[in-house]
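Participant: What follows is a single structure, and I will ask about it in a moment.
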Amino acid sequence: MKIEINHGRVIDAKHGVDRVTPLYIAAGTVAAIGAAPAGWSADRAIEARGMVVCPGLIDLSARLREPGFEYKATLESEMEAAVAGGVTSLACPPDTDPPLDEPGLVEMLKHRARSLNQAHVFPVGALTVGLNGVELTEMGELAEAGCVAFSQAESPLTDTGVLLRAMQYAATFGHRVWLRPQEAHLAKGGVAHEGEVATRLGLPAIPSAAETIALATIFALVRTTGVHVHLCRISTAEGVAMVRAAKRDGLPVTCDVAVHHLHLCDVDIGWFDAQCRLIPPLRAVSDRAALRAGLADGTIDLVCSDHTPVDDDGKQVPFGEAEPGATGLELLLPLTLKWATEDRIPLPVALARITSQPAAILGIGSGHLGIGAPADVCIFDPDLYWRVEPAALRSQGKNTPFIGLEVRGKVRATLVDGQIVHEA
Amino acid sequence: MRNPQLNAAGELTHLLTLEGLPAEIIVRVLDTALPFVSIAERDVKKVPLLRGRSVFNLFFENSTRTRTTFEIAAKRLSADVINLNIGVSSTSKGETLRDTVDNLVAMNADMFVVRHAQSGAPHLIAAHLNRTGRAHVHVVNAGDGRHAHPTQGLLDLFTIRHYKKDFRNLTVAIVGDVLHSRVARSLIHGLTTLGTPEVRVIGPKTLLPAAVQSLGVRVHHDMREGLAGCDVVVMLRLQSERMRGALLPSTGEYFKHYGLTSEKLALARHDAIVMHPGPMNRGVEIDSAVADGERSVILPQVTFGIAVRMAVLSILAGT
């Protein structure tokens with residue numbers, strides 16, 4: 001199908017494109033920008049005046065809740081949420097039930113996702129069997145089944161020897177390990193950031209040291225082995241500083257931040273609002289400032305939604321018993337734009353953090369609009385305000401600290417491989 | 001963010017925590033409790049203030065002492081008291097907190113006295129009632145996790161005011177496991193709100209919470225230094241679990257450094273009073289000579305506790 005997108009502000013960070021110009025799509029790929037290809041006649045013309053036309057968003061962490069947690073959400077609802085949020089590729093963590101430690105499960109997930117004809121799904125395989133932190137998974141088989149990387153999700157891997165060997169084994173086959181820097185013993189039982197707020201609220205706390213100690217261990221292992229590591233959900237100011245220093249030293253590390261942590265801090269817990277029960281915990285105001293600065297200067301490579309649908313039963317309980325997580329696929333774009341507007345980050349730079357940068361980590365050929373690229377496109381209205389309400393969200397996860405608040409930036413159309421998969 | 005304990009007119013409609021409560025409301029509770037103290041000395045110990053009202057004791061955590069004092073307080077006000085034994089109730093069958101509350105409200109509960117192991121549980125119940133148009137059903141926090149024990153804080157304030165009159169001249173020391181103590185947090189908020197110039201916490205580093213100074217207290221790790229010149233010494237109970245959690249090596253060492261003995265008490269002012277929320281571990285945080293000595297006001301605390309709880313229930317019932 002031949003599609004032309006007219007009068008939109010095309011922003012392609014990777015190729016330095018930022019101008020109002022038409023975009024031409026044919027045979028599922030980008031055919032041209034600016035001048036129509038010879039003999040062009042469109043089957044469909046999308047009017048994008050006042051809109052931004054950018055590569056489809058790439059979300060490095062979105063829980064689809066299948067297999068195993070279908071009562072919280074299903075592939076159907078969450079894939080709809082993804083494209084409604086302009087996300088055309090997403091990576092899902094291995095903490096399903098059962099965890100993604102068998103090729104059959106990975107194949108089934110990919111097959112199910114493909115049959116829905118929406119966003120591309122890139123499963124992250126479990127690093128250890130059952131995420132138990134003891135035995136390695138068959139990473140070769142899992143990679144063949146479609147895994148793009150390996151991680152422990154939120155499960156601890158306390159045996160440093162096992163961690164070292166897991167990193168080396170993954171690297172042997174050219175795969176990357178994604179690790180959440182959290183020292184298990186210091187974090188045990190904690191539900192909030194260790195500091196003034198947790199002390200006032202009487203909540204068991206997780207010190208910043210839980211992150212910095214884990215980072216120090218990981219960096220030492222990277223130094224020894226040369227293995228590439230992607231750090232998931234950095235949350236402390238000290239952690240950002242450590243990543244900056246590690247990159248300066250030439251260590252092959254990348255890192256991401258969850259979009260909610262760019263905007264919220266522990267004070268937002270207020271009177272025990274379980275919407276703010278998140279992993280990692282919301283930390284202090286100074287940590288939030290460092291995360292924003294780190295994302296601006298590139299120390300933090302990208303933003304992800306860390307989409308985690310939690311049903312009401314999981315949140316309508318005392319804070320310490322609440323299930324951590326928030327819905328995020330449909331908020332990734334407006335919350336990234338909010339950061340960019342507030343901190344005066346140029347729009348192409350901000351969009352790179354949710355398009356070309358995550359594409360680079362995943363090692364996929366999308367995240368840009370070069371000629372011949374897959375036509376994964378997001379068309380959004382940067383000025384449209386909308387209220388975050390259960391009815392406005394396609395995801396079955398209606399729980400987010402932003403419920404009831406207005407955000408700015410709404411997706412008007414999403415294309416995957418040149419097909420319109422969402423229109424509003 | 002509006003204080004969930006106050007209604008639109010600024011009146012107390014739930015008692016969840018002393019943090020953020022205006023001083024006038026705290027003082028009003030203490031003043032209201034005064035006449036209730038003498039009721040205990042009469043033959044007929046009842047007043048009809050809460051006649052026809054139902055007070056439900058919703059205790060998710062075991063406590064005979066606190067539950068009993070609330071029961072006595074409610075009955076002296078002529079209320080009907082229902083005790084919910086949560087262990088065998090529907091909660092153990094998986095019923096949510098909200099459903100439990102909804103069911104009880106449907107049975108015409110007027111007031112819930114709630115104790116829960118999780119910080120914030122009473123707030124959740126109060127928010128649920130406020131949000132579902134049942135703000136006339138009042139919640140009293142009888143202790144939630146480490147967070148707050150406001151009626152204990154109030155009775156401690158009442159006790160201090162009884163013996164020392166003016167908070168604005170006092171040096172108060174709180175000794176022990178502040179990290180895990182809702183009693184300590186509530187008392188600190190109450191004391192600072194009423195203008196106490198020097199509030200000290202004394203304990204080993206493992207038992208003091210992060211950033212505790214932000215509550216408005218001075219930190220001491222040396223008990224002798226911390227007790228110097230104190231008017232009030234509040235001893236907190238040490239739970240045996242603390243030894244298993246690698247927070248302390250032994251009760252013996254704890255008693256040596258942080259236990260209250262006559263010798264250490266002598267460092268405080270000669271007329272200092274000794275308080276303890278109970279139950280006491282004799283020989284662990286306090287020795288018998290002090291607990292039973294003339295400076296101890298531990299038993300009067302219990303008597304005042306009933307009067308203060310009667311005051312809280314009657315004020316809430318009038319809102």
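Here's how to read the names in the structure tokens: chain A, B, ... by the order shown, residue numbers from 1 in each chain, ligand numbers from 1 in the order shown.
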I want to know what sits within 12 Å of Ala290 in chain A, based on only C-alpha atoms, with residues of the same chain fewer than 4 positions away left out; could you give that as number ranges by chain?
Facilitator: A: 234-244, 257, 261-263, 265, 283-286, 294-300
Participant: Restricting the output to N, CA and C atoms, write the selected residues as a PDB file, in the first residue's frame.
Facilitator:
```pdb
ATOM      1  N   ILE A 234      18.072   2.978  36.052  1.00  0.00           N
ATOM      2  CA  ILE A 234      18.919   3.687  37.002  1.00  0.00           C
ATOM      3  C   ILE A 234      18.035   4.631  37.823  1.00  0.00           C
ATOM      4  N   SER A 235      18.349   4.814  39.117  1.00  0.00           N
ATOM      5  CA  SER A 235      17.436   5.599  39.942  1.00  0.00           C
ATOM      6  C   SER A 235      18.105   6.593  40.891  1.00  0.00           C
ATOM      7  N   THR A 236      19.438   6.515  41.048  1.00  0.00           N
ATOM      8  CA  THR A 236      20.081   7.397  42.027  1.00  0.00           C
ATOM      9  C   THR A 236      21.034   8.381  41.351  1.00  0.00           C
ATOM     10  N   ALA A 237      21.243   9.507  42.014  1.00  0.00           N
ATOM     11  CA  ALA A 237      22.198  10.490  41.510  1.00  0.00           C
ATOM     12  C   ALA A 237      23.607   9.900  41.493  1.00  0.00           C
ATOM     13  N   GLU A 238      23.944   9.189  42.563  1.00  0.00           N
ATOM     14  CA  GLU A 238      25.275   8.575  42.625  1.00  0.00           C
ATOM     15  C   GLU A 238      25.451   7.562  41.494  1.00  0.00           C
ATOM     16  N   GLY A 239      24.364   6.855  41.190  1.00  0.00           N
ATOM     17  CA  GLY A 239      24.425   5.870  40.105  1.00  0.00           C
ATOM     18  C   GLY A 239      24.695   6.531  38.763  1.00  0.00           C
ATOM     19  N   VAL A 240      24.023   7.644  38.514  1.00  0.00           N
ATOM     20  CA  VAL A 240      24.246   8.362  37.258  1.00  0.00           C
ATOM     21  C   VAL A 240      25.707   8.798  37.167  1.00  0.00           C
ATOM     22  N   ALA A 241      26.236   9.304  38.265  1.00  0.00           N
ATOM     23  CA  ALA A 241      27.642   9.752  38.278  1.00  0.00           C
ATOM     24  C   ALA A 241      28.572   8.580  38.000  1.00  0.00           C
ATOM     25  N   MET A 242      28.267   7.422  38.557  1.00  0.00           N
ATOM     26  CA  MET A 242      29.112   6.245  38.329  1.00  0.00           C
ATOM     27  C   MET A 242      29.063   5.816  36.865  1.00  0.00           C
ATOM     28  N   VAL A 243      27.882   5.871  36.262  1.00  0.00           N
ATOM     29  CA  VAL A 243      27.769   5.493  34.850  1.00  0.00           C
ATOM     30  C   VAL A 243      28.557   6.476  33.989  1.00  0.00           C
ATOM     31  N   ARG A 244      28.462   7.757  34.341  1.00  0.00           N
ATOM     32  CA  ARG A 244      29.197   8.781  33.579  1.00  0.00           C
ATOM     33  C   ARG A 244      30.693   8.490  33.622  1.00  0.00           C
ATOM     34  N   VAL A 257      16.413   4.789  31.892  1.00  0.00           N
ATOM     35  CA  VAL A 257      15.653   5.258  33.046  1.00  0.00           C
ATOM     36  C   VAL A 257      14.175   5.026  32.728  1.00  0.00           C
ATOM     37  N   HIS A 261      10.143   7.873  36.634  1.00  0.00           N
ATOM     38  CA  HIS A 261      11.167   8.357  37.553  1.00  0.00           C
ATOM     39  C   HIS A 261      11.766   9.686  37.111  1.00  0.00           C
ATOM     40  N   LEU A 262      11.461  10.096  35.874  1.00  0.00           N
ATOM     41  CA  LEU A 262      11.916  11.414  35.441  1.00  0.00           C
ATOM     42  C   LEU A 262      11.075  12.516  36.082  1.00  0.00           C
ATOM     43  N   HIS A 263       9.904  12.133  36.531  1.00  0.00           N
ATOM     44  CA  HIS A 263       8.967  13.170  36.962  1.00  0.00           C
ATOM     45  C   HIS A 263       8.600  13.109  38.431  1.00  0.00           C
ATOM     46  N   CYS A 265       9.110  11.814  42.632  1.00  0.00           N
ATOM     47  CA  CYS A 265      10.088  11.485  43.661  1.00  0.00           C
ATOM     48  C   CYS A 265       9.338  10.985  44.897  1.00  0.00           C
ATOM     49  N   ARG A 283      12.897   8.035  44.226  1.00  0.00           N
ATOM     50  CA  ARG A 283      13.921   8.480  45.160  1.00  0.00           C
ATOM     51  C   ARG A 283      13.767   9.971  45.429  1.00  0.00           C
ATOM     52  N   ALA A 284      14.826  10.594  45.939  1.00  0.00           N
ATOM     53  CA  ALA A 284      14.708  11.974  46.410  1.00  0.00           C
ATOM     54  C   ALA A 284      14.692  12.962  45.243  1.00  0.00           C
ATOM     55  N   VAL A 285      14.327  14.188  45.567  1.00  0.00           N
ATOM     56  CA  VAL A 285      14.284  15.254  44.565  1.00  0.00           C
ATOM     57  C   VAL A 285      15.630  15.392  43.864  1.00  0.00           C
ATOM     58  N   SER A 286      16.707  15.276  44.630  1.00  0.00           N
ATOM     59  CA  SER A 286      18.043  15.426  44.045  1.00  0.00           C
ATOM     60  C   SER A 286      18.359  14.276  43.087  1.00  0.00           C
ATOM     61  N   GLY A 294      21.178  13.546  33.536  1.00  0.00           N
ATOM     62  CA  GLY A 294      21.866  12.428  32.904  1.00  0.00           C
ATOM     63  C   GLY A 294      21.243  12.044  31.572  1.00  0.00           C
ATOM     64  N   LEU A 295      19.932  12.146  31.497  1.00  0.00           N
ATOM     65  CA  LEU A 295      19.266  11.831  30.228  1.00  0.00           C
ATOM     66  C   LEU A 295      19.582  12.918  29.202  1.00  0.00           C
ATOM     67  N   ALA A 296      19.686  14.148  29.663  1.00  0.00           N
ATOM     68  CA  ALA A 296      19.978  15.258  28.749  1.00  0.00           C
ATOM     69  C   ALA A 296      21.386  15.148  28.178  1.00  0.00           C
ATOM     70  N   ASP A 297      22.365  14.806  29.027  1.00  0.00           N
ATOM     71  CA  ASP A 297      23.747  14.787  28.536  1.00  0.00           C
ATOM     72  C   ASP A 297      24.171  13.445  27.948  1.00  0.00           C
ATOM     73  N   GLY A 298      23.215  12.503  27.887  1.00  0.00           N
ATOM     74  CA  GLY A 298      23.506  11.242  27.217  1.00  0.00           C
ATOM     75  C   GLY A 298      24.123  10.172  28.095  1.00  0.00           C
ATOM     76  N   THR A 299      24.397  10.517  29.355  1.00  0.00           N
ATOM     77  CA  THR A 299      24.881   9.473  30.280  1.00  0.00           C
ATOM     78  C   THR A 299      23.863   8.350  30.331  1.00  0.00           C
ATOM     79  N   ILE A 300      22.579   8.756  30.407  1.00  0.00           N
ATOM     80  CA  ILE A 300      21.484   7.799  30.287  1.00  0.00           C
ATOM     81  C   ILE A 300      21.090   7.800  28.816  1.00  0.00           C
TER      82      ILE A 300
END
```
Participant: Quick one: residues within 7 Å of Arg176 in chain A, only C-alpha atoms counted, chain neighbours fewer than 2 positions away excluded, as a ChimeraX atom specification?
Facilitator: /A:149-150,170-171,174,178,228-229
Participant: Can you list, as a PyMOL selection string, every protein, DNA or RNA residue that comes within 8 Å of range 298-312 of chain B when you count only C-alpha atoms, leaving out same-chain residues fewer than 5 positions away?
Facilitator: chain B and resi 15+29-30+32-34+36-37+69-70+72-74+76-77+151-152+154-156+158-159+274-278+291
Participant: Among range 134-252 of chain B, which ones does DSSP assign to strand (DSSP E) (computed from the backbone)? Answer as a ChimeraX atom specification.
Facilitator: /B:138-144,171-175,198-202,218-220,232-235
Participant: Which residues come within 12 Å of range 107-112 of chain B, counting only C-alpha atoms, excluding same-chain residues fewer than 4 positions away, as a PyMOL selection string?
Facilitator: chain B and resi 13-16+50-59+67+70-71+74+79-84+100-103+122-123+125-126+129+134-142+312-319
Participant: Return as number ranges by chain the residues belonging to chain B that are within 10 Å of chain A, counting only C-alpha atoms.
Facilitator: B: 1, 3-4, 19, 96-98, 116-125, 127-128, 144-148, 178-182, 185-186, 189, 208-215
Participant: List every residue of range 156-373 of chain A that DSSP, applied to the backbone of this structure, places in helix (DSSP H, G or I), and write the result as a VMD selection string.
Facilitator: chain A and resid 160 to 172 184 to 187 196 to 201 209 to 225 237 to 248 259 to 262 266 to 269 274 to 276 285 to 296 312 to 315 319 to 321 332 to 342 347 to 352 356 to 362
Participant: Which neighbours of Ile361 in chain A fall inside 8 Å, counting only C-alpha atoms, when residues of the same chain fewer than 3 positions from it are skipped, and could you give them as a ChimeraX atom specification?
Facilitator: /A:230,254,357-358
Participant: I'd like the neighbourhood of Val303 in chain A as a ChimeraX atom specification, where a residue qualifies if any of its atoms comes within 7 Å (using only C-alpha atoms), though same-chain residues fewer than 5 positions away should be ignored.
Facilitator: /A:256-259,353-354
Participant: Could you please determine the separation between CA of Lys256 in chain B and CA of Val297 in chain B in Å, to one decimal place?
Facilitator: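 Answer for the CA of Lys256 in chain B to CA of Val297 in chain B separation: 22.8 Å.
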Participant: Determine, counting only C-alpha atoms, which protein, DNA and RNA residues have an atom within 9 Å of an atom of Ser356 in chain A; residues of the same chain fewer than 6 positions away are not included. Present the result as a list of chain:residue names.
Facilitator: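 Final neighbour list, sorted by chain and number: A:Asp12, A:Ala13, A:Lys14, A:Pro55, A:Leu57, A:Ile58, A:Ser366, A:Gly367, A:His368.
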Participant: Convert the current residue selection to file output with C-alpha atoms, as a PDB file, in the first residue's frame.
Facilitator:
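Listed below is the output, again_35.pdb:
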```pdb
ATOM      1  CA  ASP A  12      14.520  11.741  12.213  1.00  0.00           C
ATOM      2  CA  ALA A  13      17.238  12.197  14.810  1.00  0.00           C
ATOM      3  CA  LYS A  14      19.569   9.618  13.301  1.00  0.00           C
ATOM      4  CA  PRO A  55      10.056   6.951  13.742  1.00  0.00           C
ATOM      5  CA  LEU A  57       8.727   4.652  19.367  1.00  0.00           C
ATOM      6  CA  ILE A  58      10.838   1.816  20.678  1.00  0.00           C
ATOM      7  CA  SER A 366      14.315   0.664  12.804  1.00  0.00           C
ATOM      8  CA  GLY A 367      14.198   3.810  14.922  1.00  0.00           C
ATOM      9  CA  HIS A 368      14.872   6.026  11.926  1.00  0.00           C
TER      10      HIS A 368
END
```
Participant: Just how far from CA of Leu248 in chain B is CA of Thr206 in chain B, in Å to one decimal?
Facilitator: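 Here the two named atoms are 7.5 Å from each other.
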Participant: Considering only C-alpha atoms, state which residue in the set B:Met280, B:Phe60, B:Val201, B:Tyr163 is at the smallest distance from Arg295 in chain B.
Facilitator: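 So, comparing all the options, the nearest one is B:Tyr163.
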Participant: Pick from A:Gly85, A:Arg233, A:Leu142, A:Gln275: nearest to Asp381 in chain A, with only C-alpha atoms counted?
Facilitator: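 That would be A:Gly85, the residue with the smallest distance to Asp381 in chain A.
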